[in-house]
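One file, my_file-v7.txt, is given below (compact mmCIF, N, CA, C and O atoms).
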```
# COMPACT_ATOMS: atom_id res chain seq x y z
N MET A 1 64.53 138.94 122.06
CA MET A 1 63.88 139.84 121.16
C MET A 1 63.36 141.05 121.91
O MET A 1 63.45 142.17 121.42
N GLY A 2 62.87 140.87 123.10
CA GLY A 2 62.31 141.97 123.86
C GLY A 2 63.35 142.99 124.28
O GLY A 2 63.02 144.14 124.52
N HIS A 3 64.60 142.56 124.38
CA HIS A 3 65.67 143.47 124.82
C HIS A 3 66.56 143.92 123.67
O HIS A 3 67.55 144.61 123.90
N LEU A 4 66.23 143.53 122.46
CA LEU A 4 67.01 143.94 121.29
C LEU A 4 66.83 145.42 121.05
O LEU A 4 65.71 145.92 120.95
N GLU A 5 67.95 146.13 120.99
CA GLU A 5 67.91 147.57 120.75
C GLU A 5 68.68 147.90 119.48
O GLU A 5 69.48 147.10 118.99
N GLU A 6 68.46 149.08 118.97
CA GLU A 6 69.11 149.55 117.76
C GLU A 6 70.62 149.37 117.85
O GLU A 6 71.25 149.70 118.86
N GLY A 7 71.20 148.82 116.77
CA GLY A 7 72.64 148.67 116.68
C GLY A 7 73.20 147.41 117.31
O GLY A 7 74.40 147.15 117.23
N MET A 8 72.37 146.60 117.95
CA MET A 8 72.83 145.37 118.60
C MET A 8 72.91 144.22 117.59
O MET A 8 72.25 144.24 116.56
N ILE A 9 73.71 143.23 117.92
CA ILE A 9 73.72 141.96 117.19
C ILE A 9 72.72 141.04 117.89
O ILE A 9 72.79 140.85 119.09
N TRP A 10 71.82 140.48 117.11
CA TRP A 10 70.82 139.58 117.67
C TRP A 10 71.34 138.16 117.56
O TRP A 10 71.55 137.64 116.47
N ILE A 11 71.55 137.50 118.69
CA ILE A 11 72.03 136.12 118.74
C ILE A 11 70.80 135.22 118.88
O ILE A 11 70.05 135.34 119.83
N ILE A 12 70.65 134.31 117.90
CA ILE A 12 69.41 133.54 117.81
C ILE A 12 69.66 132.18 117.17
O ILE A 12 70.62 131.99 116.43
N MET A 13 68.77 131.23 117.45
CA MET A 13 68.86 129.90 116.84
C MET A 13 67.93 129.76 115.65
O MET A 13 68.10 128.88 114.83
N GLN A 14 66.94 130.62 115.54
CA GLN A 14 65.95 130.50 114.48
C GLN A 14 66.54 130.92 113.13
O GLN A 14 67.39 131.81 113.07
N THR A 15 66.05 130.30 112.06
CA THR A 15 66.65 130.53 110.74
C THR A 15 65.61 130.81 109.67
O THR A 15 65.77 130.42 108.53
N HIS A 16 64.54 131.49 110.02
CA HIS A 16 63.50 131.79 109.03
C HIS A 16 63.37 133.29 108.84
O HIS A 16 63.87 134.08 109.63
N GLN A 17 62.65 133.69 107.81
CA GLN A 17 62.59 135.10 107.42
C GLN A 17 61.90 135.99 108.45
O GLN A 17 62.12 137.20 108.47
N ASN A 18 61.08 135.45 109.33
CA ASN A 18 60.42 136.28 110.35
C ASN A 18 61.44 136.92 111.29
O ASN A 18 61.18 137.97 111.87
N VAL A 19 62.59 136.29 111.45
CA VAL A 19 63.67 136.87 112.25
C VAL A 19 64.06 138.23 111.67
O VAL A 19 64.29 139.19 112.41
N LEU A 20 64.11 138.31 110.36
CA LEU A 20 64.51 139.57 109.71
C LEU A 20 63.47 140.65 109.89
O LEU A 20 63.81 141.83 109.96
N ALA A 21 62.21 140.27 110.00
CA ALA A 21 61.17 141.27 110.23
C ALA A 21 61.41 141.97 111.57
O ALA A 21 61.35 143.20 111.66
N VAL A 22 61.73 141.20 112.59
CA VAL A 22 62.01 141.78 113.91
C VAL A 22 63.32 142.56 113.88
O VAL A 22 63.41 143.67 114.40
N ALA A 23 64.35 141.98 113.27
CA ALA A 23 65.65 142.66 113.21
C ALA A 23 65.53 144.00 112.50
O ALA A 23 66.16 144.99 112.90
N THR A 24 64.71 144.06 111.48
CA THR A 24 64.49 145.31 110.75
C THR A 24 63.74 146.32 111.62
O THR A 24 64.12 147.49 111.69
N LEU A 25 62.69 145.86 112.28
CA LEU A 25 61.92 146.76 113.16
C LEU A 25 62.77 147.35 114.27
O LEU A 25 62.61 148.50 114.65
N LYS A 26 63.69 146.54 114.79
CA LYS A 26 64.53 146.97 115.90
C LYS A 26 65.84 147.61 115.44
O LYS A 26 66.66 148.00 116.26
N ASP A 27 66.08 147.69 114.14
CA ASP A 27 67.31 148.24 113.58
C ASP A 27 68.56 147.54 114.11
O ASP A 27 69.54 148.17 114.52
N ALA A 28 68.52 146.21 114.10
CA ALA A 28 69.67 145.41 114.54
C ALA A 28 70.84 145.61 113.58
O ALA A 28 70.65 145.83 112.38
N ALA A 29 72.05 145.55 114.11
CA ALA A 29 73.25 145.68 113.29
C ALA A 29 73.50 144.41 112.48
O ALA A 29 74.02 144.47 111.36
N ALA A 30 73.13 143.26 113.04
CA ALA A 30 73.35 141.97 112.38
C ALA A 30 72.56 140.91 113.13
O ALA A 30 72.11 141.13 114.26
N VAL A 31 72.44 139.75 112.51
CA VAL A 31 71.84 138.58 113.15
C VAL A 31 72.91 137.50 113.18
O VAL A 31 73.53 137.20 112.14
N LEU A 32 73.15 136.93 114.35
CA LEU A 32 74.11 135.83 114.51
C LEU A 32 73.34 134.56 114.82
O LEU A 32 72.71 134.44 115.87
N ILE A 33 73.39 133.60 113.89
CA ILE A 33 72.73 132.32 114.06
C ILE A 33 73.72 131.35 114.71
O ILE A 33 74.81 131.14 114.20
N VAL A 34 73.31 130.77 115.83
CA VAL A 34 74.18 129.89 116.61
C VAL A 34 73.82 128.42 116.41
O VAL A 34 72.86 128.09 115.71
N ASN A 35 74.60 127.55 117.02
CA ASN A 35 74.39 126.09 117.00
C ASN A 35 74.47 125.50 115.60
O ASN A 35 73.85 124.48 115.33
N GLY A 36 75.21 126.14 114.71
CA GLY A 36 75.38 125.60 113.36
C GLY A 36 74.16 125.73 112.47
O GLY A 36 74.12 125.12 111.40
N GLY A 37 73.18 126.53 112.89
CA GLY A 37 71.99 126.71 112.08
C GLY A 37 72.32 127.40 110.76
O GLY A 37 73.28 128.17 110.66
N ARG A 38 71.53 127.12 109.75
CA ARG A 38 71.73 127.72 108.43
C ARG A 38 70.45 128.44 108.02
O ARG A 38 69.38 127.85 108.08
N PRO A 39 70.58 129.68 107.59
CA PRO A 39 69.39 130.42 107.20
C PRO A 39 68.75 129.83 105.95
O PRO A 39 69.45 129.32 105.08
N ASP A 40 67.42 129.90 105.89
CA ASP A 40 66.75 129.43 104.68
C ASP A 40 66.88 130.50 103.58
O ASP A 40 67.31 131.63 103.84
N TYR A 41 66.53 130.13 102.38
CA TYR A 41 66.69 131.00 101.22
C TYR A 41 65.94 132.32 101.41
O TYR A 41 66.45 133.39 101.11
N GLU A 42 64.72 132.24 101.90
CA GLU A 42 63.91 133.44 102.08
C GLU A 42 64.55 134.40 103.07
O GLU A 42 64.52 135.62 102.88
N MET A 43 65.15 133.86 104.12
CA MET A 43 65.82 134.70 105.11
C MET A 43 67.01 135.43 104.48
O MET A 43 67.20 136.63 104.69
N LEU A 44 67.78 134.73 103.68
CA LEU A 44 68.94 135.35 103.03
C LEU A 44 68.50 136.44 102.06
O LEU A 44 69.12 137.51 102.01
N GLU A 45 67.46 136.19 101.31
CA GLU A 45 66.97 137.19 100.36
C GLU A 45 66.44 138.43 101.08
O GLU A 45 66.71 139.55 100.66
N LYS A 46 65.71 138.22 102.16
CA LYS A 46 65.18 139.35 102.92
C LYS A 46 66.33 140.13 103.56
O LYS A 46 66.31 141.36 103.59
N ALA A 47 67.36 139.43 104.03
CA ALA A 47 68.51 140.10 104.64
C ALA A 47 69.23 140.99 103.63
O ALA A 47 69.64 142.09 103.95
N LYS A 48 69.35 140.50 102.40
CA LYS A 48 69.96 141.31 101.35
C LYS A 48 69.16 142.58 101.12
O LYS A 48 69.71 143.66 101.01
N GLY A 49 67.85 142.42 101.03
CA GLY A 49 66.97 143.56 100.79
C GLY A 49 66.96 144.57 101.92
O GLY A 49 66.81 145.77 101.70
N GLU A 50 67.14 144.09 103.13
CA GLU A 50 67.12 144.97 104.31
C GLU A 50 68.53 145.43 104.71
O GLU A 50 68.68 146.18 105.66
N ASN A 51 69.53 144.91 104.02
CA ASN A 51 70.93 145.25 104.31
C ASN A 51 71.32 144.91 105.75
O ASN A 51 71.96 145.71 106.44
N ILE A 52 70.92 143.72 106.20
CA ILE A 52 71.28 143.24 107.53
C ILE A 52 72.17 142.01 107.37
O ILE A 52 71.75 141.01 106.79
N PRO A 53 73.41 142.07 107.86
CA PRO A 53 74.30 140.91 107.75
C PRO A 53 73.77 139.71 108.55
O PRO A 53 73.28 139.88 109.66
N ILE A 54 73.89 138.54 107.95
CA ILE A 54 73.57 137.29 108.62
C ILE A 54 74.90 136.59 108.89
O ILE A 54 75.65 136.30 107.97
N LEU A 55 75.18 136.36 110.15
CA LEU A 55 76.42 135.69 110.57
C LEU A 55 76.06 134.33 111.13
O LEU A 55 74.91 134.09 111.52
N GLY A 56 77.03 133.44 111.23
CA GLY A 56 76.75 132.11 111.77
C GLY A 56 77.93 131.54 112.51
O GLY A 56 79.08 131.90 112.26
N THR A 57 77.63 130.64 113.45
CA THR A 57 78.64 129.95 114.22
C THR A 57 78.10 128.60 114.69
O THR A 57 76.88 128.44 114.85
N ALA A 58 78.99 127.67 114.89
CA ALA A 58 78.61 126.38 115.44
C ALA A 58 78.51 126.45 116.97
O ALA A 58 77.97 125.54 117.61
N MET A 59 79.01 127.52 117.56
CA MET A 59 78.98 127.67 119.02
C MET A 59 77.56 127.83 119.53
O MET A 59 76.71 128.37 118.83
N PRO A 60 77.33 127.41 120.78
CA PRO A 60 76.05 127.73 121.40
C PRO A 60 75.98 129.22 121.73
O PRO A 60 77.01 129.91 121.78
N ALA A 61 74.78 129.72 121.96
CA ALA A 61 74.57 131.15 122.21
C ALA A 61 75.39 131.65 123.39
O ALA A 61 75.96 132.75 123.34
N PHE A 62 75.47 130.89 124.45
CA PHE A 62 76.20 131.31 125.65
C PHE A 62 77.66 131.56 125.33
O PHE A 62 78.23 132.59 125.70
N GLU A 63 78.28 130.62 124.64
CA GLU A 63 79.70 130.77 124.30
C GLU A 63 79.93 131.91 123.32
O GLU A 63 80.86 132.71 123.48
N ALA A 64 79.09 132.02 122.32
CA ALA A 64 79.24 133.09 121.33
C ALA A 64 79.10 134.46 121.99
O ALA A 64 79.90 135.35 121.73
N SER A 65 78.10 134.62 122.84
CA SER A 65 77.91 135.91 123.50
C SER A 65 79.07 136.21 124.45
O SER A 65 79.50 137.36 124.57
N GLY A 66 79.61 135.20 125.11
CA GLY A 66 80.77 135.40 125.98
C GLY A 66 81.99 135.85 125.22
O GLY A 66 82.71 136.74 125.66
N ARG A 67 82.20 135.27 124.06
CA ARG A 67 83.35 135.68 123.25
C ARG A 67 83.20 137.11 122.72
O ARG A 67 84.16 137.86 122.66
N ILE A 68 81.98 137.44 122.32
CA ILE A 68 81.73 138.83 121.87
C ILE A 68 81.96 139.79 123.02
O ILE A 68 82.58 140.83 122.85
N TYR A 69 81.49 139.43 124.20
CA TYR A 69 81.67 140.29 125.38
C TYR A 69 83.16 140.52 125.64
O TYR A 69 83.57 141.65 125.93
N LYS A 70 83.98 139.49 125.52
CA LYS A 70 85.42 139.62 125.76
C LYS A 70 86.06 140.59 124.77
O LYS A 70 87.03 141.27 125.09
N LEU A 71 85.51 140.66 123.57
CA LEU A 71 86.06 141.58 122.56
C LEU A 71 85.75 143.04 122.88
O LEU A 71 86.45 143.94 122.42
N LEU A 72 84.70 143.25 123.64
CA LEU A 72 84.33 144.62 123.99
C LEU A 72 85.21 145.09 125.12
O LEU A 72 85.49 146.14 125.41
```

Do you think you could lay out the structure here as structure tokens?
Amino acid sequence: MGHLEEGMIWIIMQTHQNVLAVATLKDAAAVLIVNGGRPDYEMLEKAKGENIPILGTAMPAFEASGRIYKLL
């Protein structure tokens, strides 16, 4: 969270609406929930309102970030 900058994808395990508060403040491009986590209803509703995509994967954060890095 401390290194999240505007336009970045935030890779995180947490699935509650407070994540969106930070993502909005930092102008994140999207939030990627790892380890098969599922966002709660409040998080999804807040994401819609803030126009921030919520993505998900069963991969751990290390693997997901490595795959994203390879795409760059």

Close residues, A:Glu42 itself excluded, 7 Å, all atoms listed in the file, min 3 positions apart in chain, as a compact mmCIF listing (two decimals) with N, CA, C and O atoms, keeping the file's coordinate frame:
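Writing the result to part-v1.txt gives the following:
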```txt
# COMPACT_ATOMS: atom_id res chain seq x y z
N THR A 15 66.05 130.30 112.06
CA THR A 15 66.65 130.53 110.74
C THR A 15 65.61 130.81 109.67
O THR A 15 65.77 130.42 108.53
N HIS A 16 64.54 131.49 110.02
CA HIS A 16 63.50 131.79 109.03
C HIS A 16 63.37 133.29 108.84
O HIS A 16 63.87 134.08 109.63
N GLN A 17 62.65 133.69 107.81
CA GLN A 17 62.59 135.10 107.42
C GLN A 17 61.90 135.99 108.45
O GLN A 17 62.12 137.20 108.47
N PRO A 39 70.58 129.68 107.59
CA PRO A 39 69.39 130.42 107.20
C PRO A 39 68.75 129.83 105.95
O PRO A 39 69.45 129.32 105.08
N GLU A 45 67.46 136.19 101.31
CA GLU A 45 66.97 137.19 100.36
C GLU A 45 66.44 138.43 101.08
O GLU A 45 66.71 139.55 100.66
N LYS A 46 65.71 138.22 102.16
CA LYS A 46 65.18 139.35 102.92
C LYS A 46 66.33 140.13 103.56
O LYS A 46 66.31 141.36 103.59
N ALA A 47 67.36 139.43 104.03
CA ALA A 47 68.51 140.10 104.64
C ALA A 47 69.23 140.99 103.63
O ALA A 47 69.64 142.09 103.95
N LYS A 48 69.35 140.50 102.40
CA LYS A 48 69.96 141.31 101.35
C LYS A 48 69.16 142.58 101.12
O LYS A 48 69.71 143.66 101.01
```

Of the listed residues A:Ile11, A:Leu20, A:Leu72, A:Ala29, that which approaches A:Gly56 most closely, counting only C-alpha atoms: A:Ile11

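Distances here use all atoms listed in the file; by that measure, the residue among A:Arg38, A:Met43, A:Trp10, A:Leu4 closest to A:Lys26 is A:Leu4.
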
Name the residues of chain A that fall into helix (DSSP H, G or I) according to DSSP on the backbone, using the chain letters and numbers of this document, as a PyMOL selection string. chain A and resi 18-25+41-50+61-71

For atom N of A:Phe62 and atom O of A:Ile12, quote the distance in Å rounded to one decimal. 9.4 Å

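With atom CA of A:Gly7 on one side and atom CA of A:Glu63 on the other, the separation reads 20.7 Å.
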
Please report the interatomic distance between atom C of A:Ala61 and atom CA of A:Gly36 in Å with one decimal.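 Computed distance, atom C of A:Ala61 to atom CA of A:Gly36, equals 11.7 Å.
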
So which one's closest to A:Ala64, A:His3, A:Met13, A:Met8, A:Val34? Using all atoms listed in the file, please.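 Closest residue, counting all atoms listed in the file: A:Val34.
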
Please determine, counting all atoms listed in the file, which residue among A:Val31, A:Glu5, A:Gly37, A:Gly66 has the shortest atom-to-atom distance to A:Val19.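 Looking only at the distances to A:Val19, the closest residue turns out to be A:Val31.
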
Which is closest to A:Thr24 among A:Leu71, A:Leu44, A:Ala58, A:Ile52, if we use only N, CA, C and O atoms?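 Using only N, CA, C and O atoms, the shortest distance to A:Thr24 belongs to A:Ile52.
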
Enumerate as a list in words all residues of chain A assigned to strand (DSSP E or B) by DSSP on the backbone, naming them with the chain letters and numbers the document uses. Ile9, Trp10, Ile11, Ile12, Ala30, Val31, Leu32, Ile33, Ile54, Leu55 and Gly56 of chain A

Tell me which of A:Met59, A:Tyr69, A:Gly2, A:Gly49 sits closest to A:Leu32, counting only C-alpha atoms.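 With only C-alpha atoms as the atom set, the closest residue is A:Met59.
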